[in-house]
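One file, final.pdb, is given below (PDB, C-alpha atoms and all ligand atoms).
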```pdb
ATOM      1  CA  MET A  30     139.967 167.010  46.252
ATOM      2  CA  SER A  31     138.307 165.322  49.154
ATOM      3  CA  THR A  32     139.897 162.898  51.599
ATOM      4  CA  ARG A  33     137.961 160.566  53.865
ATOM      5  CA  VAL A  34     139.450 158.306  56.492
ATOM      6  CA  PHE A  35     137.775 155.105  57.677
ATOM      7  CA  THR A  36     138.725 152.415  60.160
ATOM      8  CA  THR A  37     137.551 148.867  59.551
ATOM      9  CA  HIS A  38     137.654 146.060  62.108
ATOM     10  CA  SER A  39     137.367 143.001  59.877
ATOM     11  CA  ALA A  40     137.828 141.940  56.267
ATOM     12  CA  GLU A  41     134.024 141.963  55.927
ATOM     13  CA  GLU A  42     133.908 145.607  56.971
ATOM     14  CA  THR A  43     136.510 146.456  54.349
ATOM     15  CA  VAL A  44     134.457 144.654  51.687
ATOM     16  CA  ALA A  45     131.415 146.646  52.831
ATOM     17  CA  LEU A  46     133.413 149.880  52.646
ATOM     18  CA  GLY A  47     134.380 149.064  49.057
ATOM     19  CA  ARG A  48     130.717 148.482  48.262
ATOM     20  CA  SER A  49     129.633 151.746  49.826
ATOM     21  CA  PHE A  50     132.022 154.079  48.081
ATOM     22  CA  ALA A  51     131.973 152.330  44.678
ATOM     23  CA  PRO A  52     129.399 154.936  43.477
ATOM     24  CA  LEU A  53     132.264 157.444  43.553
ATOM     25  CA  LEU A  54     134.114 155.408  40.963
ATOM     26  CA  ALA A  55     131.909 156.074  37.947
ATOM     27  CA  PRO A  56     133.994 155.252  34.864
ATOM     28  CA  PRO A  57     136.383 156.211  33.481
ATOM     29  CA  LYS A  58     138.603 156.097  36.555
ATOM     30  CA  LEU A  59     142.164 155.260  37.416
ATOM     31  CA  VAL A  60     142.382 154.200  41.055
ATOM     32  CA  VAL A  61     145.729 153.640  42.741
ATOM     33  CA  LEU A  62     145.687 151.343  45.787
ATOM     34  CA  ARG A  63     148.610 151.756  48.170
ATOM     35  CA  GLY A  64     149.562 149.687  51.180
ATOM     36  CA  ASP A  65     151.826 146.861  52.279
ATOM     37  CA  LEU A  66     151.175 143.197  51.529
ATOM     38  CA  GLY A  67     148.149 142.121  53.536
ATOM     39  CA  ALA A  68     146.928 145.671  54.060
ATOM     40  CA  GLY A  69     143.597 144.827  52.423
ATOM     41  CA  LYS A  70     143.831 146.188  48.869
ATOM     42  CA  THR A  71     142.397 143.077  47.240
ATOM     43  CA  THR A  72     139.780 142.791  49.986
ATOM     44  CA  LEU A  73     138.568 146.295  49.201
ATOM     45  CA  VAL A  74     138.359 145.485  45.479
ATOM     46  CA  LYS A  75     135.988 142.609  46.351
ATOM     47  CA  GLY A  76     133.430 145.125  47.571
ATOM     48  CA  ILE A  77     133.926 147.431  44.611
ATOM     49  CA  ALA A  78     133.425 144.545  42.154
ATOM     50  CA  GLU A  79     130.259 143.509  43.986
ATOM     51  CA  ALA A  80     128.818 147.002  43.837
ATOM     52  CA  PHE A  81     129.371 147.132  40.081
ATOM     53  CA  ASP A  82     127.657 143.746  39.705
ATOM     54  CA  ALA A  83     130.887 142.678  38.063
ATOM     55  CA  ALA A  84     131.892 139.760  40.322
ATOM     56  CA  SER A  85     131.048 138.166  43.626
ATOM     57  CA  SER A  86     133.546 138.783  46.360
ATOM     58  CA  ASP A  87     134.678 135.132  46.256
ATOM     59  CA  ASP A  88     135.474 135.490  42.560
ATOM     60  CA  VAL A  89     137.814 138.389  43.170
ATOM     61  CA  THR A  90     141.266 137.010  43.877
ATOM     62  CA  SER A  91     144.687 138.570  43.883
ATOM     63  CA  PRO A  92     146.095 139.162  40.407
ATOM     64  CA  THR A  93     149.635 138.869  41.771
ATOM     65  CA  PHE A  94     150.611 136.216  39.224
ATOM     66  CA  THR A  95     148.229 136.902  36.362
ATOM     67  CA  LEU A  96     148.770 140.677  36.806
ATOM     68  CA  VAL A  97     145.396 141.684  35.347
ATOM     69  CA  HIS A  98     141.892 140.400  36.114
ATOM     70  CA  GLU A  99     138.885 141.735  34.248
ATOM     71  CA  TYR A 100     135.402 141.842  35.747
ATOM     72  CA  ARG A 101     132.589 143.065  33.552
ATOM     73  CA  GLY A 102     129.511 144.678  34.962
ATOM     74  CA  PRO A 103     126.525 146.150  33.130
ATOM     75  CA  LYS A 104     127.885 149.686  33.439
ATOM     76  CA  ALA A 105     131.623 149.259  33.691
ATOM     77  CA  SER A 106     134.552 146.985  33.023
ATOM     78  CA  LEU A 107     136.749 146.651  36.075
ATOM     79  CA  PHE A 108     140.417 145.881  35.569
ATOM     80  CA  HIS A 109     142.089 144.720  38.752
ATOM     81  CA  ILE A 110     145.832 145.028  38.325
ATOM     82  CA  ASP A 111     148.686 144.094  40.649
ATOM     83  CA  LEU A 112     152.106 145.569  39.894
ATOM     84  CA  TYR A 113     153.895 144.004  42.876
ATOM     85  CA  ARG A 114     156.039 141.897  40.564
ATOM     86  CA  ILE A 115     156.615 144.597  37.983
ATOM     87  CA  ASP A 116     159.805 146.530  38.547
ATOM     88  CA  THR A 117     160.729 148.485  35.449
ATOM     89  CA  PRO A 118     158.860 150.812  33.091
ATOM     90  CA  ARG A 119     159.816 148.417  30.301
ATOM     91  CA  GLU A 120     158.071 145.481  32.012
ATOM     92  CA  LEU A 121     155.098 147.746  32.597
ATOM     93  CA  GLU A 122     154.896 148.545  28.888
ATOM     94  CA  THR A 123     154.601 144.863  28.006
ATOM     95  CA  LEU A 124     151.350 144.670  29.964
ATOM     96  CA  GLY A 125     149.646 146.971  27.460
ATOM     97  CA  LEU A 126     147.618 148.747  30.120
ATOM     98  CA  ASP A 127     147.070 151.716  27.815
ATOM     99  CA  ASP A 128     144.713 149.521  25.815
ATOM    100  CA  LEU A 129     142.476 149.102  28.856
ATOM    101  CA  ALA A 130     141.693 152.798  29.223
ATOM    102  CA  ALA A 131     138.182 153.330  27.860
ATOM    103  CA  GLU A 132     135.098 155.359  28.659
ATOM    104  CA  ASP A 133     133.572 152.502  30.621
ATOM    105  CA  SER A 134     136.670 151.238  32.379
ATOM    106  CA  VAL A 135     137.686 151.447  36.004
ATOM    107  CA  LEU A 136     141.314 150.530  36.607
ATOM    108  CA  LEU A 137     142.109 149.435  40.154
ATOM    109  CA  VAL A 138     145.878 149.290  40.413
ATOM    110  CA  GLU A 139     147.552 147.694  43.418
ATOM    111  CA  TRP A 140     151.128 149.012  43.813
ATOM    112  CA  GLY A 141     150.383 151.637  41.154
ATOM    113  CA  ASP A 142     152.367 154.100  43.262
ATOM    114  CA  LYS A 143     155.556 152.322  42.121
ATOM    115  CA  PHE A 144     155.303 154.156  38.813
ATOM    116  CA  ALA A 145     155.287 157.908  38.292
ATOM    117  CA  ARG A 146     152.873 157.728  35.378
ATOM    118  CA  PHE A 147     150.132 156.280  37.587
ATOM    119  CA  GLU A 148     150.838 158.774  40.321
ATOM    120  CA  ARG A 149     150.451 161.584  37.796
ATOM    121  CA  ALA A 150     147.315 160.292  36.134
ATOM    122  CA  ARG A 151     145.340 158.765  38.982
ATOM    123  CA  ASP A 152     141.851 160.053  39.730
ATOM    124  CA  VAL A 153     141.503 158.377  43.104
ATOM    125  CA  GLU A 154     144.079 157.291  45.650
ATOM    126  CA  ILE A 155     143.316 154.757  48.355
ATOM    127  CA  VAL A 156     145.880 154.131  51.084
ATOM    128  CA  LEU A 157     145.417 151.137  53.381
ATOM    129  CA  GLU A 158     147.326 150.753  56.606
ATOM    130  CA  ARG A 159     147.434 147.818  58.991
ATOM    131  CA  ILE A 160     146.698 149.001  62.518
ATOM    132  CA  SER A 161     146.423 145.579  64.146
ATOM    133  CA  GLU A 162     145.552 142.005  63.190
ATOM    134  CA  ASN A 163     142.017 142.961  62.148
ATOM    135  CA  GLU A 164     142.038 146.739  62.036
ATOM    136  CA  ARG A 165     142.803 148.762  58.941
ATOM    137  CA  ARG A 166     142.857 152.485  58.290
ATOM    138  CA  VAL A 167     141.610 153.354  54.827
ATOM    139  CA  ARG A 168     142.218 156.825  53.409
ATOM    140  CA  ILE A 169     140.382 157.658  50.214
ATOM    141  CA  THR A 170     141.172 160.764  48.187
ATOM    142  CA  THR A 171     138.814 161.643  45.349
ATOM    143  CA  PRO A 172     138.604 164.647  43.054
ATOM    144  CA  GLN A 173     135.007 165.357  44.146
ATOM    145  CA  ALA A 174     134.411 168.315  46.401
ATOM    146  CA  ASP A 175     132.384 166.350  48.904
ATOM    147  CA  GLY A 176     129.465 164.000  49.416
ATOM    148  CA  TYR A 177     128.634 161.133  47.145
ATOM    149  CA  ALA A 178     127.898 163.231  44.071
ATOM    150  CA  VAL A 179     129.478 161.443  41.137
ATOM    151  CA  SER A 180     131.307 163.515  38.570
ATOM    152  CA  PRO A 181     131.166 162.448  34.922
ATOM    153  CA  GLY A 182     134.742 161.288  35.243
ATOM    154  CA  SER A 183     137.976 162.536  33.816
ATOM    155  CA  SER A 184     140.279 161.623  31.016
ATOM    156  CA  PRO A 185     140.637 157.873  30.500
ATOM    157  CA  ASN A 186     144.143 158.427  29.137
ATOM    158  CA  PHE A 187     147.109 157.937  31.375
TER
HETATM  159  P1  LIG B 201     146.622 143.118  49.900
HETATM  160  O1  LIG B 201     145.883 143.006  48.597
HETATM  161  O2  LIG B 201     146.768 144.536  50.375
HETATM  162  O3  LIG B 201     147.948 142.411  49.883
HETATM  163  P2  LIG B 201     144.597 141.336  50.935
HETATM  164  O4  LIG B 201     143.306 142.048  50.798
HETATM  165  O5  LIG B 201     144.931 140.289  49.925
HETATM  166  O6  LIG B 201     145.768 142.427  51.045
HETATM  167  O7  LIG B 201     144.715 140.637  52.344
HETATM  168  C1  LIG B 201     144.293 141.231  53.551
HETATM  169  C2  LIG B 201     144.313 140.151  54.607
HETATM  170  O8  LIG B 201     144.058 140.724  55.904
HETATM  171  C3  LIG B 201     143.233 139.115  54.379
HETATM  172  O9  LIG B 201     143.724 137.872  54.793
HETATM  173  C4  LIG B 201     142.106 139.586  55.302
HETATM  174  O10 LIG B 201     141.271 138.540  55.726
HETATM  175  C5  LIG B 201     142.902 140.144  56.470
HETATM  176  N1  LIG B 201     142.184 141.200  57.211
HETATM  177  C6  LIG B 201     142.001 141.228  58.549
HETATM  178  N2  LIG B 201     141.351 142.326  58.934
HETATM  179  C7  LIG B 201     141.112 143.043  57.801
HETATM  180  C8  LIG B 201     140.484 144.282  57.559
HETATM  181  N3  LIG B 201     139.970 145.065  58.537
HETATM  182  N4  LIG B 201     140.413 144.699  56.274
HETATM  183  C9  LIG B 201     140.955 143.963  55.264
HETATM  184  N5  LIG B 201     141.562 142.782  55.447
HETATM  185  C10 LIG B 201     141.658 142.313  56.701
HETATM  186 MG    MG B 202     146.439 142.266  46.719
END
```

Could the structure of this file be written out as structure tokens, please?
Amino acid sequence: MSTRVFTTHSAEETVALGRSFAPLLAPPKLVVLRGDLGAGKTTLVKGIAEAFDAASSDDVTSPTFTLVHEYRGPKASLFHIDLYRIDTPRELETLGLDDLAAEDSVLLVEWGDKFARFERARDVEIVLERISENERRVRITTPQADGYAVSPGSSPNF
């Protein structure tokens, strides 16, 4: 396990942060994004999607209503999921997220910490905290020992 803490001073810096650590998210990965509304979870995903050549940052929008957005890159399929409106395990089941787990998939789950199964199975946890209007603290915990060496990934099942 390795935890890194960053402070960003604008949305653009958070997008850039997402771009820079995306190499740590070689598929398959389950990434849980924690933080209040407006903390910057979706903003961070913009950078990750860019780095995977899966979407431009303008194309990445909040999946609050659609619940799941898929962005396909040459090396990975990104599934951007928002569970803000999902309250029970039964509702969660109806989303069929199990079907998305694959060797080439990266699941980025906003509010994933609401459900024990995601907390148990996550590979990476990212916690965003609002410090002030434009400042955010971003804490990223990965299974890698250190550096930007990318492990072959872990079980896609969760
Ligand atoms: P969440 O998905 O956590 O609800 P969003 O990424 O949708 O949050 O929204 C974050 C909001 O905060 C955006 O309006 C963004 O422009 C603004 N913002 C201001 N400063 C930052 C920052 N340093 N990092 C991320 N977003 C920021
Ligand atoms: Mg969001």

Name the residues, by chain letter and number, that sit within 9 Å of ligand LIG 201 (chain B) using all atoms listed in the file, and give them as a PDB file with C-alpha atoms, in the frame of the given file.
```pdb
ATOM      1  CA  THR A  36     138.725 152.415  60.160  1.00  0.00           C
ATOM      2  CA  THR A  37     137.551 148.867  59.551  1.00  0.00           C
ATOM      3  CA  HIS A  38     137.654 146.060  62.108  1.00  0.00           C
ATOM      4  CA  SER A  39     137.367 143.001  59.877  1.00  0.00           C
ATOM      5  CA  ALA A  40     137.828 141.940  56.267  1.00  0.00           C
ATOM      6  CA  GLU A  41     134.024 141.963  55.927  1.00  0.00           C
ATOM      7  CA  GLU A  42     133.908 145.607  56.971  1.00  0.00           C
ATOM      8  CA  THR A  43     136.510 146.456  54.349  1.00  0.00           C
ATOM      9  CA  VAL A  44     134.457 144.654  51.687  1.00  0.00           C
ATOM     10  CA  LEU A  62     145.687 151.343  45.787  1.00  0.00           C
ATOM     11  CA  ARG A  63     148.610 151.756  48.170  1.00  0.00           C
ATOM     12  CA  GLY A  64     149.562 149.687  51.180  1.00  0.00           C
ATOM     13  CA  ASP A  65     151.826 146.861  52.279  1.00  0.00           C
ATOM     14  CA  LEU A  66     151.175 143.197  51.529  1.00  0.00           C
ATOM     15  CA  GLY A  67     148.149 142.121  53.536  1.00  0.00           C
ATOM     16  CA  ALA A  68     146.928 145.671  54.060  1.00  0.00           C
ATOM     17  CA  GLY A  69     143.597 144.827  52.423  1.00  0.00           C
ATOM     18  CA  LYS A  70     143.831 146.188  48.869  1.00  0.00           C
ATOM     19  CA  THR A  71     142.397 143.077  47.240  1.00  0.00           C
ATOM     20  CA  THR A  72     139.780 142.791  49.986  1.00  0.00           C
ATOM     21  CA  LEU A  73     138.568 146.295  49.201  1.00  0.00           C
ATOM     22  CA  VAL A  74     138.359 145.485  45.479  1.00  0.00           C
ATOM     23  CA  LYS A  75     135.988 142.609  46.351  1.00  0.00           C
ATOM     24  CA  THR A  90     141.266 137.010  43.877  1.00  0.00           C
ATOM     25  CA  SER A  91     144.687 138.570  43.883  1.00  0.00           C
ATOM     26  CA  THR A  93     149.635 138.869  41.771  1.00  0.00           C
ATOM     27  CA  ASP A 111     148.686 144.094  40.649  1.00  0.00           C
ATOM     28  CA  GLU A 139     147.552 147.694  43.418  1.00  0.00           C
ATOM     29  CA  LEU A 157     145.417 151.137  53.381  1.00  0.00           C
ATOM     30  CA  GLU A 158     147.326 150.753  56.606  1.00  0.00           C
ATOM     31  CA  ARG A 159     147.434 147.818  58.991  1.00  0.00           C
ATOM     32  CA  ILE A 160     146.698 149.001  62.518  1.00  0.00           C
ATOM     33  CA  SER A 161     146.423 145.579  64.146  1.00  0.00           C
ATOM     34  CA  GLU A 162     145.552 142.005  63.190  1.00  0.00           C
ATOM     35  CA  ASN A 163     142.017 142.961  62.148  1.00  0.00           C
ATOM     36  CA  GLU A 164     142.038 146.739  62.036  1.00  0.00           C
ATOM     37  CA  ARG A 165     142.803 148.762  58.941  1.00  0.00           C
ATOM     38  CA  ARG A 166     142.857 152.485  58.290  1.00  0.00           C
ATOM     39  CA  VAL A 167     141.610 153.354  54.827  1.00  0.00           C
TER      40      VAL A 167
END
```

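CA of Pro103 (chain A) is found 11.8 Å from CA of Glu79 (chain A).
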
For the file shown, report as a ChimeraX atom specification the outcome of the PyMOL selection byres (((chain A and resi 34) around 6) and not hetatm) at residue level.
-> /A:33,35,167-168

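Each of A:Ala78, A:Leu53, A:Leu124, A:Val153 was checked against Thr171 (chain A) using all atoms listed in the file; the smallest atom-to-atom distance is that of A:Val153.
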
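Distances to ligand MG 202 (chain B) were evaluated for A:Ala131, A:Ala150, A:Leu112, A:Ile169 using all atoms listed in the file, and the minimum falls at A:Leu112.
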
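Residues in contact with Glu154 (chain A) at up to 6 Å, not including ones fewer than 3 positions away on its chain and judged by all atoms listed in the file, are Val60, Val61, Ile169 and Thr170 of chain A.
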
Write the residues you've just listed into a file as a PDB file, in the coordinates of the input, and include C-alpha atoms for each of them.
```
ATOM      1  CA  VAL A  60     142.382 154.200  41.055  1.00  0.00           C
ATOM      2  CA  VAL A  61     145.729 153.640  42.741  1.00  0.00           C
ATOM      3  CA  ILE A 169     140.382 157.658  50.214  1.00  0.00           C
ATOM      4  CA  THR A 170     141.172 160.764  48.187  1.00  0.00           C
TER       5      THR A 170
END
```

Might you spell out which residues the PyMOL selection byres (((chain A and resi 98) around 9) and not hetatm) would select in the displayed file, as an mmCIF file with C-alpha atoms, in the frame of the given file?
```
data_model
loop_
_atom_site.group_PDB
_atom_site.id
_atom_site.type_symbol
_atom_site.label_atom_id
_atom_site.label_comp_id
_atom_site.auth_asym_id
_atom_site.auth_seq_id
_atom_site.Cartn_x
_atom_site.Cartn_y
_atom_site.Cartn_z
ATOM 1 C CA VAL A 89 137.814 138.389 43.170
ATOM 2 C CA THR A 90 141.266 137.010 43.877
ATOM 3 C CA SER A 91 144.687 138.570 43.883
ATOM 4 C CA PRO A 92 146.095 139.162 40.407
ATOM 5 C CA THR A 95 148.229 136.902 36.362
ATOM 6 C CA LEU A 96 148.770 140.677 36.806
ATOM 7 C CA VAL A 97 145.396 141.684 35.347
ATOM 8 C CA GLU A 99 138.885 141.735 34.248
ATOM 9 C CA TYR A 100 135.402 141.842 35.747
ATOM 10 C CA LEU A 107 136.749 146.651 36.075
ATOM 11 C CA PHE A 108 140.417 145.881 35.569
ATOM 12 C CA HIS A 109 142.089 144.720 38.752
ATOM 13 C CA ILE A 110 145.832 145.028 38.325
ATOM 14 C CA ASP A 111 148.686 144.094 40.649
#
```

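Interatomic distance, CA of Phe94 (chain A) against CA of Ser49 (chain A): 28.2 Å.
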
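CA of Ala130 (chain A) is positioned 7.6 Å from CA of Pro57 (chain A).
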
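Residues in contact range of Ser106 (chain A), defined as at most 9 Å between all atoms listed in the file, with sequence neighbours fewer than 6 positions away removed, read A:Pro56, A:Phe81, A:Ala83, A:Glu99, A:Tyr100, A:Ala131, A:Asp133, A:Ser134, A:Val135, A:Leu136.
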
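With distances restricted to all atoms listed in the file, A:Tyr113 is the closest residue to ligand MG 202 (chain B) from A:Pro172, A:Asp127, A:Arg149, A:Tyr113.
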
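Considering all atoms listed in the file, the residue among A:Met30, A:Ala45, A:Ala51, A:Val138 positioned nearest to ligand MG 202 (chain B) is A:Val138.
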
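The shortest atom-to-atom distance to ligand MG 202 (chain B), with all atoms listed in the file taken into account, belongs to A:Trp140 out of A:Ile115, A:Glu148, A:Trp140, A:Ile155.
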
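Checking A:Leu137, A:Ile77, A:Ala145, A:Ala84 one by one against ligand MG 202 (chain B), counting all atoms listed in the file, you find the shortest gap at A:Leu137.
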
Starting from 4 Å padding per side, set up an axis-aligned box that covers all listed atoms of region 36-43 of chain A and hand over centre and edge lengths in Å, one decimal, as lines of an AutoDock Vina configuration file.
```
center_x = 136.3
center_y = 147.2
center_z = 58.2
size_x = 12.8
size_y = 18.5
size_z = 15.8
```
